[in-house]
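Here's data.tsv, which has TSV, C-alpha atoms:
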```tsv
chain	number	residue	atom	x	y	z
B	14	MET	CA	60.70	-17.21	41.25
B	15	LYS	CA	60.07	-17.91	37.62
B	16	GLY	CA	56.59	-19.07	38.48
B	17	SER	CA	55.63	-15.94	40.40
B	18	LEU	CA	57.01	-13.68	37.65
B	19	ALA	CA	54.90	-15.53	35.09
B	20	LEU	CA	51.85	-15.13	37.37
B	21	ALA	CA	52.50	-11.41	37.76
B	22	VAL	CA	52.82	-10.96	33.99
B	23	THR	CA	49.63	-12.92	33.43
B	24	LEU	CA	47.78	-10.86	36.04
B	25	ALA	CA	49.03	-7.60	34.56
B	26	ALA	CA	48.05	-8.70	31.08
B	27	GLY	CA	44.66	-9.75	32.35
B	28	LEU	CA	44.12	-6.41	34.06
B	29	ALA	CA	45.18	-4.55	30.95
B	30	ILE	CA	42.79	-6.53	28.77
B	31	GLY	CA	40.00	-6.04	31.31
B	32	ALA	CA	40.63	-2.31	31.44
B	33	GLY	CA	40.70	-2.21	27.66
B	34	ILE	CA	37.33	-3.95	27.40
B	35	ALA	CA	35.82	-1.66	30.03
B	36	ALA	CA	37.15	1.40	28.24
B	37	SER	CA	35.89	0.21	24.90
B	38	LEU	CA	32.45	-0.56	26.37
B	39	ALA	CA	32.31	2.89	27.94
B	40	TRP	CA	33.35	4.45	24.65
B	41	ARG	CA	30.77	2.46	22.76
B	42	HIS	CA	28.10	3.46	25.24
B	43	ALA	CA	28.96	7.13	24.81
B	44	ALA	CA	29.01	6.75	21.04
B	45	THR	CA	25.61	5.04	21.04
B	46	SER	CA	23.91	7.72	23.10
B	47	SER	CA	25.15	10.52	20.84
B	48	ARG	CA	23.84	8.73	17.78
B	49	PRO	CA	20.25	9.30	16.56
B	50	PRO	CA	17.77	6.63	17.69
B	51	ALA	CA	17.43	3.57	15.44
B	52	ILE	CA	14.11	3.59	13.55
B	53	GLY	CA	12.44	1.80	10.62
B	54	GLY	CA	14.15	4.20	8.24
B	55	TYR	CA	16.79	6.80	8.94
B	56	VAL	CA	17.22	9.84	11.18
B	57	LEU	CA	19.41	12.79	10.30
B	58	PRO	CA	21.69	13.92	13.13
B	59	GLU	CA	20.85	17.54	12.26
B	60	PRO	CA	17.70	18.80	10.51
B	61	ARG	CA	18.38	19.74	6.90
B	62	PRO	CA	16.71	22.87	5.44
B	63	LEU	CA	14.46	22.25	2.45
B	64	GLY	CA	15.51	25.21	0.28
B	65	SER	CA	12.94	27.47	-1.29
B	66	PHE	CA	9.80	26.55	-3.18
B	67	GLU	CA	6.23	27.70	-3.46
B	68	LEU	CA	3.27	25.33	-3.53
B	69	VAL	CA	-0.49	25.60	-2.99
B	70	ASP	CA	-2.51	23.79	-0.37
B	71	GLU	CA	-5.86	22.07	-0.88
B	72	HIS	CA	-7.62	25.43	-0.62
B	73	GLY	CA	-5.41	26.97	-3.28
B	74	ALA	CA	-3.56	29.08	-0.69
B	75	ARG	CA	0.18	29.76	-1.09
B	76	PHE	CA	2.36	27.33	0.83
B	77	ALA	CA	6.02	28.21	1.41
B	78	PRO	CA	8.73	26.25	3.29
B	79	GLU	CA	8.20	28.36	6.41
B	80	SER	CA	4.59	27.15	6.48
B	81	PHE	CA	5.99	23.88	7.86
B	82	ALA	CA	7.55	25.64	10.87
B	83	GLY	CA	6.15	25.18	14.35
B	84	SER	CA	5.06	21.56	14.04
B	85	TRP	CA	6.49	18.16	13.35
B	86	SER	CA	5.30	17.49	9.80
B	87	PHE	CA	4.62	14.05	8.33
B	88	LEU	CA	4.66	14.04	4.51
B	89	TYR	CA	3.52	11.33	2.14
B	90	PHE	CA	4.12	11.74	-1.60
B	91	GLY	CA	1.47	10.13	-3.81
B	92	TYR	CA	-1.38	10.88	-6.22
B	93	THR	CA	-5.15	10.57	-6.13
B	94	TYR	CA	-5.31	8.21	-9.13
B	95	CYS	CA	-3.18	5.70	-7.21
B	96	PRO	CA	-5.56	2.82	-6.42
B	97	ASP	CA	-3.55	0.56	-4.14
B	98	VAL	CA	-0.48	1.85	-2.31
B	99	CYS	CA	-1.50	5.47	-1.57
B	100	PRO	CA	-4.83	4.77	0.16
B	101	LEU	CA	-3.06	2.05	2.12
B	102	ALA	CA	-0.35	4.46	3.29
B	103	LEU	CA	-2.83	7.28	4.06
B	104	VAL	CA	-4.97	5.00	6.22
B	105	GLU	CA	-1.81	3.98	8.08
B	106	LEU	CA	-0.81	7.63	8.46
B	107	GLY	CA	-4.25	8.31	9.96
B	108	GLU	CA	-3.55	5.53	12.47
B	109	VAL	CA	-0.16	7.09	13.28
B	110	LYS	CA	-1.93	10.37	14.02
B	111	LYS	CA	-4.35	8.67	16.43
B	112	LYS	CA	-1.55	6.84	18.21
B	113	LEU	CA	0.56	9.98	18.57
B	114	ALA	CA	-2.33	11.83	20.17
B	115	GLU	CA	-1.90	9.34	23.02
B	116	ARG	CA	1.83	8.65	22.95
B	117	THR	CA	3.26	12.13	22.41
B	118	PRO	CA	0.48	14.57	23.32
B	119	GLY	CA	3.12	17.29	23.80
B	120	ALA	CA	4.24	17.16	20.17
B	121	ALA	CA	2.51	19.48	17.71
B	122	THR	CA	2.04	17.43	14.53
B	123	ARG	CA	0.68	18.02	11.04
B	124	PHE	CA	0.08	15.56	8.21
B	125	TYR	CA	0.43	16.26	4.49
B	126	PHE	CA	-0.31	14.43	1.25
B	127	VAL	CA	1.99	15.90	-1.43
B	128	SER	CA	0.89	15.25	-5.00
B	129	VAL	CA	3.43	13.84	-7.45
B	130	ASP	CA	0.82	14.30	-10.19
B	131	PRO	CA	-0.01	18.04	-10.20
B	132	GLN	CA	-1.33	17.81	-13.76
B	133	ARG	CA	-4.41	15.94	-12.52
B	134	ASP	CA	-4.34	16.70	-8.78
B	135	THR	CA	-5.85	20.16	-8.59
B	136	PRO	CA	-6.43	21.77	-5.17
B	137	GLU	CA	-10.17	21.02	-5.58
B	138	ARG	CA	-9.54	17.32	-6.19
B	139	LEU	CA	-7.05	17.16	-3.32
B	140	GLN	CA	-9.45	18.86	-0.96
B	141	GLU	CA	-12.12	16.17	-1.37
B	142	TYR	CA	-9.52	13.43	-1.37
B	143	VAL	CA	-7.55	14.26	1.78
B	144	ALA	CA	-10.61	15.11	3.87
B	145	TYR	CA	-11.86	11.57	3.35
B	146	PHE	CA	-8.81	10.10	5.09
B	147	ASP	CA	-8.65	12.61	7.91
B	148	PRO	CA	-10.26	16.03	8.39
B	149	GLU	CA	-6.86	17.42	9.38
B	150	LEU	CA	-4.84	15.86	6.57
B	151	ARG	CA	-3.58	18.65	4.32
B	152	GLY	CA	-2.94	18.42	0.59
B	153	LEU	CA	-0.12	20.10	-1.31
B	154	THR	CA	0.19	20.51	-5.06
B	155	GLY	CA	1.32	23.19	-7.49
B	156	ASP	CA	3.83	23.71	-10.23
B	157	ALA	CA	5.64	20.48	-11.16
B	158	ALA	CA	9.07	22.11	-10.88
B	159	GLN	CA	8.24	23.49	-7.41
B	160	ILE	CA	7.05	20.09	-6.20
B	161	ALA	CA	10.32	18.65	-7.50
B	162	VAL	CA	12.29	21.08	-5.28
B	163	LEU	CA	10.53	19.82	-2.16
B	164	ALA	CA	10.74	16.18	-3.29
B	165	ASN	CA	14.45	16.45	-4.03
B	166	ALA	CA	15.10	18.08	-0.65
B	167	VAL	CA	13.56	15.12	1.18
B	168	GLY	CA	14.66	12.31	-1.17
B	169	ALA	CA	11.24	11.50	-2.63
B	170	VAL	CA	11.44	9.94	-6.09
B	171	TYR	CA	8.70	9.70	-8.71
B	172	PHE	CA	8.34	9.40	-12.46
B	173	VAL	CA	5.76	8.57	-15.09
B	174	PRO	CA	6.82	5.36	-16.83
B	175	PRO	CA	6.80	5.93	-20.60
B	176	GLY	CA	4.34	4.44	-23.09
B	177	GLN	CA	1.13	5.20	-21.18
B	178	ASP	CA	-2.16	6.84	-22.05
B	179	GLU	CA	-2.02	10.66	-21.76
B	180	LYS	CA	-4.93	10.82	-19.36
B	181	ARG	CA	-4.94	7.43	-17.66
B	182	TYR	CA	-1.25	7.15	-16.78
B	183	LEU	CA	0.16	5.73	-13.56
B	184	VAL	CA	3.01	7.27	-11.60
B	185	SER	CA	5.80	5.24	-10.00
B	186	HIS	CA	6.86	6.76	-6.70
B	187	SER	CA	8.78	6.13	-3.51
B	188	SER	CA	6.42	5.28	-0.67
B	189	ASN	CA	8.19	6.69	2.37
B	190	ILE	CA	6.87	8.90	5.14
B	191	VAL	CA	9.03	12.00	5.54
B	192	LEU	CA	9.37	13.75	8.90
B	193	LEU	CA	10.21	17.45	9.20
B	194	ASP	CA	11.06	18.94	12.57
B	195	PRO	CA	9.49	22.16	13.90
B	196	SER	CA	12.26	24.23	12.28
B	197	GLY	CA	10.86	22.95	8.96
B	198	GLY	CA	13.97	20.91	8.16
B	199	LEU	CA	14.18	17.24	7.17
B	200	ARG	CA	14.70	15.13	10.30
B	201	ALA	CA	13.79	11.53	9.38
B	202	VAL	CA	12.45	9.20	6.71
B	203	PHE	CA	10.27	6.23	7.62
B	204	THR	CA	10.72	3.64	4.89
B	205	SER	CA	7.89	1.42	3.64
B	206	PRO	CA	6.12	-0.82	4.42
B	207	HIS	CA	4.53	1.26	7.17
B	208	VAL	CA	2.97	-0.15	10.29
B	209	ALA	CA	1.37	2.58	12.39
B	210	ASP	CA	2.67	1.12	15.65
B	211	GLN	CA	6.26	1.19	14.46
B	212	VAL	CA	6.08	4.68	12.94
B	213	ALA	CA	4.45	6.04	16.12
B	214	GLY	CA	7.06	4.33	18.30
B	215	ASP	CA	9.87	5.62	16.10
B	216	PHE	CA	8.50	9.13	16.24
B	217	ALA	CA	8.20	8.90	20.04
B	218	ALA	CA	11.91	8.00	20.17
B	219	ILE	CA	12.82	10.90	17.88
B	220	PHE	CA	10.65	13.30	19.87
B	221	ALA	CA	12.17	12.12	23.16
B	222	ARG	CA	15.65	12.67	21.73
B	223	TYR	CA	15.17	15.97	19.87
B	224	GLY	CA	11.76	17.29	20.87
B	225	THR	CA	12.87	19.15	23.95
B	226	ALA	CA	16.36	20.15	22.78
B	227	PRO	CA	16.99	23.90	22.93
B	228	ARG	CA	17.02	25.40	19.50
H	24	MET	CA	-44.58	-44.47	-45.31
H	25	ARG	CA	-46.34	-43.08	-42.26
H	26	GLY	CA	-44.88	-45.89	-40.17
H	27	MET	CA	-41.40	-45.06	-41.42
H	28	ILE	CA	-41.85	-41.39	-40.48
H	29	ALA	CA	-43.16	-42.33	-37.04
H	30	LEU	CA	-40.17	-44.60	-36.54
H	31	LYS	CA	-37.80	-41.84	-37.62
H	32	ARG	CA	-39.52	-39.48	-35.23
H	33	ARG	CA	-39.18	-41.96	-32.42
H	34	ARG	CA	-35.51	-42.43	-33.20
H	35	ALA	CA	-35.05	-38.68	-33.31
H	36	ALA	CA	-36.78	-38.36	-29.95
H	37	VAL	CA	-34.53	-41.01	-28.44
H	38	ALA	CA	-31.49	-39.32	-29.90
H	39	LEU	CA	-32.64	-35.96	-28.55
H	40	ALA	CA	-33.20	-37.46	-25.11
H	41	GLY	CA	-29.70	-38.86	-25.29
H	42	VAL	CA	-28.25	-35.49	-26.16
H	43	ALA	CA	-30.24	-33.89	-23.35
H	44	ALA	CA	-29.01	-36.49	-20.86
H	45	ALA	CA	-25.43	-35.94	-21.99
H	46	ALA	CA	-25.94	-32.20	-21.60
H	47	VAL	CA	-27.26	-32.66	-18.05
H	48	VAL	CA	-24.26	-34.83	-17.17
H	49	GLY	CA	-22.04	-32.22	-18.75
H	50	LEU	CA	-23.65	-29.47	-16.71
H	51	ALA	CA	-23.25	-31.51	-13.56
H	52	ILE	CA	-19.53	-31.82	-14.26
H	53	ALA	CA	-19.27	-28.13	-15.05
H	54	ALA	CA	-21.13	-27.27	-11.84
H	55	GLU	CA	-18.31	-28.86	-9.83
H	56	PRO	CA	-15.96	-25.86	-9.93
H	57	THR	CA	-12.28	-26.47	-9.59
H	58	VAL	CA	-11.46	-22.76	-9.42
H	59	ARG	CA	-13.20	-20.77	-6.72
H	60	VAL	CA	-12.90	-17.09	-5.88
H	61	LEU	CA	-13.41	-16.19	-2.21
H	62	ASP	CA	-13.50	-13.15	0.07
H	63	ALA	CA	-13.61	-10.56	-2.71
H	64	TRP	CA	-13.51	-6.96	-1.46
H	65	ALA	CA	-12.76	-3.51	-2.77
H	66	ARG	CA	-11.53	-0.51	-0.83
H	67	ALA	CA	-14.13	2.25	-0.61
H	68	THR	CA	-12.79	5.20	-2.56
H	69	ALA	CA	-12.24	8.79	-1.51
H	70	PRO	CA	-14.14	11.53	-3.35
H	71	GLY	CA	-11.95	12.63	-6.22
H	72	ALA	CA	-10.38	9.19	-6.64
H	73	GLU	CA	-11.04	7.82	-10.13
H	74	ASN	CA	-9.58	4.38	-9.68
H	75	GLY	CA	-10.20	1.53	-7.28
H	76	ALA	CA	-8.73	-1.86	-6.41
H	77	VAL	CA	-10.29	-5.27	-5.82
H	78	TYR	CA	-8.68	-8.06	-3.79
H	79	PHE	CA	-9.69	-11.72	-3.42
H	80	LYS	CA	-8.47	-15.24	-2.92
H	81	ILE	CA	-8.35	-17.83	-5.72
H	82	VAL	CA	-8.53	-21.47	-4.64
H	83	ASN	CA	-7.69	-23.90	-7.42
H	84	GLN	CA	-8.51	-27.55	-6.75
H	85	GLY	CA	-7.95	-28.57	-10.35
H	86	ALA	CA	-5.20	-28.38	-12.95
H	87	ALA	CA	-3.07	-25.29	-13.48
H	88	ASP	CA	-5.02	-22.30	-14.83
H	89	ARG	CA	-4.42	-18.63	-15.51
H	90	LEU	CA	-6.40	-15.52	-14.65
H	91	VAL	CA	-6.28	-13.62	-17.92
H	92	GLY	CA	-8.69	-10.75	-17.47
H	93	ALA	CA	-11.62	-9.13	-15.71
H	94	ARG	CA	-14.60	-6.97	-16.54
H	95	THR	CA	-17.20	-5.04	-14.62
H	96	GLN	CA	-19.97	-2.52	-15.12
H	97	ALA	CA	-18.55	-0.48	-12.23
H	98	ALA	CA	-15.62	0.97	-14.17
H	99	ARG	CA	-14.42	1.76	-17.67
H	100	ALA	CA	-11.92	-1.06	-17.43
H	101	ALA	CA	-10.73	-3.72	-15.00
H	102	GLU	CA	-7.07	-4.56	-15.30
H	103	LEU	CA	-4.79	-7.01	-13.61
H	104	HIS	CA	-2.01	-5.11	-11.85
H	105	ALA	CA	0.80	-5.78	-9.44
H	106	SER	CA	2.31	-3.17	-7.15
H	107	ALA	CA	5.93	-3.99	-6.56
H	108	THR	CA	8.63	-2.11	-4.68
H	109	ARG	CA	11.88	-2.01	-6.59
H	110	ASP	CA	14.81	-0.10	-5.14
H	111	GLY	CA	12.44	1.73	-2.82
H	112	VAL	CA	10.10	2.87	-5.58
H	113	VAL	CA	6.60	1.46	-5.91
H	114	GLU	CA	5.76	0.55	-9.46
H	115	MET	CA	2.51	-0.74	-10.82
H	116	ARG	CA	2.91	-3.33	-13.48
H	117	HIS	CA	0.19	-4.44	-15.86
H	118	LEU	CA	-0.07	-8.24	-15.83
H	119	ASP	CA	-1.17	-10.09	-18.95
H	120	ALA	CA	-2.00	-13.13	-16.88
H	121	LEU	CA	-1.72	-14.39	-13.33
H	122	PRO	CA	-0.69	-18.08	-13.22
H	123	ILE	CA	-2.63	-20.25	-10.78
H	124	GLU	CA	-0.75	-23.50	-10.16
H	125	ALA	CA	-2.60	-26.79	-9.76
H	126	GLY	CA	-3.93	-27.08	-6.22
H	127	ALA	CA	-2.69	-23.60	-5.33
H	128	THR	CA	-4.32	-20.78	-3.37
H	129	VAL	CA	-3.37	-17.34	-4.65
H	130	GLU	CA	-4.18	-14.31	-2.55
H	131	LEU	CA	-4.49	-10.84	-4.02
H	132	ALA	CA	-3.88	-8.32	-1.25
H	133	PRO	CA	-3.16	-4.60	-0.70
H	134	GLY	CA	0.31	-3.56	-1.75
H	135	GLY	CA	0.57	-6.47	-4.18
H	136	THR	CA	-1.46	-8.01	-6.98
H	137	HIS	CA	-4.95	-6.58	-7.48
H	138	VAL	CA	-7.60	-5.92	-10.08
H	139	MET	CA	-7.48	-2.21	-10.74
H	140	LEU	CA	-10.81	-0.59	-11.56
H	141	VAL	CA	-9.88	2.11	-14.04
H	142	GLY	CA	-12.26	5.05	-14.34
H	143	LEU	CA	-14.96	4.25	-11.78
H	144	GLU	CA	-18.52	4.93	-12.90
H	145	SER	CA	-19.22	6.17	-9.38
H	146	ARG	CA	-17.48	6.26	-6.01
H	147	LEU	CA	-17.17	2.92	-4.24
H	148	VAL	CA	-19.19	3.30	-1.06
H	149	ALA	CA	-18.63	1.05	1.95
H	150	GLY	CA	-21.33	-1.58	2.43
H	151	THR	CA	-22.33	-1.71	-1.23
H	152	HIS	CA	-21.51	-4.49	-3.68
H	153	LEU	CA	-20.32	-4.71	-7.24
H	154	GLU	CA	-20.08	-7.57	-9.69
H	155	LEU	CA	-16.73	-8.46	-11.16
H	156	ARG	CA	-16.36	-11.13	-13.82
H	157	LEU	CA	-13.00	-12.85	-13.76
H	158	ILE	CA	-11.83	-14.59	-16.91
H	159	PHE	CA	-9.73	-17.72	-16.53
H	160	ALA	CA	-7.98	-19.44	-19.44
H	161	THR	CA	-9.49	-22.84	-18.58
H	162	ALA	CA	-12.20	-22.31	-15.97
H	163	GLY	CA	-13.80	-19.60	-18.12
H	164	GLU	CA	-15.69	-16.69	-16.66
H	165	ILE	CA	-16.51	-16.57	-12.97
H	166	ALA	CA	-18.88	-13.94	-11.56
H	167	VAL	CA	-17.68	-12.59	-8.23
H	168	ASP	CA	-19.66	-10.56	-5.70
H	169	VAL	CA	-17.35	-7.85	-4.37
H	170	THR	CA	-18.05	-6.17	-1.02
H	171	VAL	CA	-16.94	-2.55	-0.69
H	172	VAL	CA	-15.14	-2.02	2.60
H	173	ASP	CA	-14.21	1.21	4.41
H	174	PRO	CA	-10.41	1.23	4.55
H	175	ARG	CA	-10.49	3.33	7.70
H	176	GLY	CA	-12.57	0.77	9.57
H	177	PRO	CA	-11.70	-2.75	10.68
H	178	PRO	CA	-10.25	-5.09	8.03
H	179	PRO	CA	-12.72	-7.06	5.88
H	180	ALA	CA	-14.51	-10.11	7.24
H	181	ALA	CA	-12.17	-12.36	5.29
H	182	HIS	CA	-9.40	-11.49	7.72
H	183	GLU	CA	-11.59	-12.00	10.74
H	184	HIS	CA	-11.97	-15.68	9.94
H	185	GLU	CA	-8.29	-16.19	10.58
H	186	HIS	CA	-8.57	-14.80	14.10
H	187	HIS	CA	-11.33	-17.15	15.23
H	188	ALA	CA	-9.64	-19.95	17.10
H	189	PRO	CA	-11.48	-23.27	16.77
```
Just dump the structure as structure tokens.
Amino acid sequence: MKGSLALAVTLAAGLAIGAGIAASLAWRHAATSSRPPAIGGYVLPEPRPLGSFELVDEHGARFAPESFAGSWSFLYFGYTYCPDVCPLALVELGEVKKKLAERTPGAATRFYFVSVDPQRDTPERLQEYVAYFDPELRGLTGDAAQIAVLANAVGAVYFVPPGQDEKRYLVSHSSNIVLLDPSGGLRAVFTSPHVADQVAGDFAAIFARYGTAPR
Amino acid sequence: MRGMIALKRRRAAVALAGVAAAAVVGLAIAAEPTVRVLDAWARATAPGAENGAVYFKIVNQGAADRLVGARTQAARAAELHASATRDGVVEMRHLDALPIEAGATVELAPGGTHVMLVGLESRLVAGTHLELRLIFATAGEIAVDVTVVDPRGPPPAAHEHEHHAP
């Protein structure tokens, strides 16, 4: 009698534990699928509006936040005097564009180089510069305070280290690729270093998850 | 007296020959470089870009040395720089010197240490060459032929070598 009671208790305990594990697995599965996809960087669960600012593009035309609407926008913050990191990132961004044309042909995309050095990066200079990397790469510059609004909204950081020549200075800056969704809100940040394959794959995952969601 | 002068002359000639021989030996030793610079390339620059970057590999088969400077006709200045990411922000640091340990190979590559060409005289166009003179503390000045490479195209030949299986 004692033996069979012990067996029954053991069985019941075993079943309870088993059910617990199953439930926890199911819960975890549900939690995982409601979470944004994991990428080389971070994805916001909801797009975050950028606030209001006014910049100029590489043709000197006014560029407002709503100008981002309608496409997935990839933004890189840099400056044309940057000899090493910026060209490297822009070439990689060009590769991302090529890969996305194949991987996510249904996604409307645009690519932007945002100057963190508006004092030297005039629209004219930007126009020549961005066209070299890709004919469809756009350039944004403008008033320093207006650029700061956009940069702050997407977490881009930059500063001119002190003690440099007034004309030949370098700018320290974060080297991330920022992704805005077609509503024009911040959706993701791809952190450096950037490998085109990874960024393209990450975008494909984001697009699969949010690209077709009703808005 | 004439004999004495002739003798002096002969001695002088012998001495001169000795000096010349020593110089030749010296040159021969100097011609055996212990520091070599390989696979030097620069990224072709976009119109509107005023600065460029040069990358290369330093192979040191001798005692420890230091790269202390660079100069070129292609730009107003050539400076030793290192891009480094600190807390997510890329900073360019000016280096006074780059130490090259004895027997070491040091590679300067994109996103890291490079020679920055400050104020280019003209755009760097793919397929062209420029001369860069690297100044080492011990090895002295080494002239380097730098190939300008299109960053949008395939990586420079230096990288291709690594892919060729024997």
Could you make a table, as a Markdown table, of the residues of chain H that have an atom within 12 Å of an atom of chain B, each with its nearest atom pair and distance in Å to one decimal, counting only C-alpha atoms, in chain and number order?
```
| residue | atom | partner | partner_atom | distance |
| --- | --- | --- | --- | --- |
| H:Ala65 | CA | B:Asp97 | CA | 10.2 |
| H:Arg66 | CA | B:Pro100 | CA | 8.6 |
| H:Ala67 | CA | B:Pro100 | CA | 9.7 |
| H:Thr68 | CA | B:Pro100 | CA | 8.4 |
| H:Ala69 | CA | B:Tyr142 | CA | 5.4 |
| H:Pro70 | CA | B:Tyr142 | CA | 5.4 |
| H:Gly71 | CA | B:Arg138 | CA | 5.3 |
| H:Ala72 | CA | B:Thr93 | CA | 5.4 |
| H:Glu73 | CA | B:Tyr94 | CA | 5.8 |
| H:Asn74 | CA | B:Pro96 | CA | 5.4 |
| H:Gly75 | CA | B:Pro96 | CA | 4.9 |
| H:Ala76 | CA | B:Pro96 | CA | 5.7 |
| H:Val77 | CA | B:Asp97 | CA | 9.1 |
| H:Tyr78 | CA | B:Asp97 | CA | 10.0 |
| H:Arg99 | CA | B:Arg181 | CA | 11.0 |
| H:Ala100 | CA | B:Arg181 | CA | 11.0 |
| H:Ala101 | CA | B:Pro96 | CA | 12.0 |
| H:Glu102 | CA | B:Pro96 | CA | 11.6 |
| H:His104 | CA | B:Asp97 | CA | 9.7 |
| H:Ala105 | CA | B:Asp97 | CA | 9.3 |
| H:Ser106 | CA | B:Val98 | CA | 7.5 |
| H:Ala107 | CA | B:Val98 | CA | 9.7 |
| H:Thr108 | CA | B:Ser187 | CA | 8.3 |
| H:Arg109 | CA | B:Ser187 | CA | 9.2 |
| H:Asp110 | CA | B:Ser187 | CA | 8.8 |
| H:Gly111 | CA | B:Ser187 | CA | 5.8 |
| H:Val112 | CA | B:Ser187 | CA | 4.1 |
| H:Val113 | CA | B:His186 | CA | 5.4 |
| H:Glu114 | CA | B:Ser185 | CA | 4.7 |
| H:Met115 | CA | B:Ser185 | CA | 6.9 |
| H:Arg116 | CA | B:Leu183 | CA | 9.5 |
| H:His117 | CA | B:Leu183 | CA | 10.4 |
| H:Leu131 | CA | B:Asp97 | CA | 11.4 |
| H:Ala132 | CA | B:Asp97 | CA | 9.3 |
| H:Pro133 | CA | B:Asp97 | CA | 6.2 |
| H:Gly134 | CA | B:Val98 | CA | 5.5 |
| H:Gly135 | CA | B:Asp97 | CA | 8.1 |
| H:Thr136 | CA | B:Asp97 | CA | 9.3 |
| H:His137 | CA | B:Asp97 | CA | 8.0 |
| H:Val138 | CA | B:Asp97 | CA | 9.7 |
| H:Met139 | CA | B:Pro96 | CA | 6.9 |
| H:Leu140 | CA | B:Pro96 | CA | 8.1 |
| H:Val141 | CA | B:Arg181 | CA | 8.1 |
| H:Gly142 | CA | B:Arg181 | CA | 8.4 |
| H:Leu143 | CA | B:Tyr94 | CA | 10.8 |
| H:Arg146 | CA | B:Tyr142 | CA | 11.7 |
| H:Leu147 | CA | B:Pro96 | CA | 11.8 |
| H:Val148 | CA | B:Tyr145 | CA | 11.9 |
| H:Asp173 | CA | B:Val104 | CA | 10.1 |
| H:Pro174 | CA | B:Val104 | CA | 6.8 |
| H:Arg175 | CA | B:Val104 | CA | 6.0 |
| H:Gly176 | CA | B:Val104 | CA | 9.3 |
| H:Pro177 | CA | B:Val104 | CA | 11.2 |
| H:Pro178 | CA | B:Val104 | CA | 11.5 |
```
Separation of CA of Val191 in chain B from CA of Thr225 in chain B in Å: 20.1 Å
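Note that the spacing between CA of Val56 in chain B and CA of Ile160 in chain B amounts to 22.6 Å.
Nearest residue to Arg75 in chain B, choosing from B:Ala166, B:Leu193, B:Ala161, B:Leu153 and counting only C-alpha atoms: B:Leu153.
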Which residues, protein or nucleic acid, reach to within 9 Å of (7.4, 12.8, 22.0) in the file's coordinates when using all atoms listed in the file, and can you give that as JSON, numbers by chain? {"B": [113, 116, 117, 118, 119, 120, 216, 217, 218, 219, 220, 221, 222, 223, 224, 225]}
Compile the contact shell of range 120-122 of chain H as number ranges by chain: residues with an atom at most 6 Å away, counting only C-alpha atoms, same-chain residues fewer than 4 positions apart removed. H: 89-91
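The interatomic distance for the pair CA of Arg61 in chain B and CA of Lys111 in chain B works out to 27.0 Å.
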Long-range neighbours of Val167 in chain H as a list of chain:residue names, 10 Å cut-off, all atoms listed in the file, 2 positions minimum in chain: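 Listed by chain and then number, they are H:Arg59, H:Val60, H:Leu61, H:Asp62, H:Ala63, H:Trp64, H:Phe79, H:Thr95, H:Leu153, H:Glu154, H:Leu155, H:Arg156, H:Leu157, H:Glu164, H:Ile165, H:Val169, H:Thr170.
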What's around Asn83 in chain H at 7 Å? Count only C-alpha atoms, leave out sequence neighbours fewer than 3 positions away in its own chain, and write the answer as a count of residues only. 7
Please identify all polymer residues within 9 Å of Leu63 in chain B, counting all atoms listed in the file, omitting same-chain residues fewer than 6 positions from it, and present them as a ChimeraX atom specification. /B:78,162-163,165-167,197-199
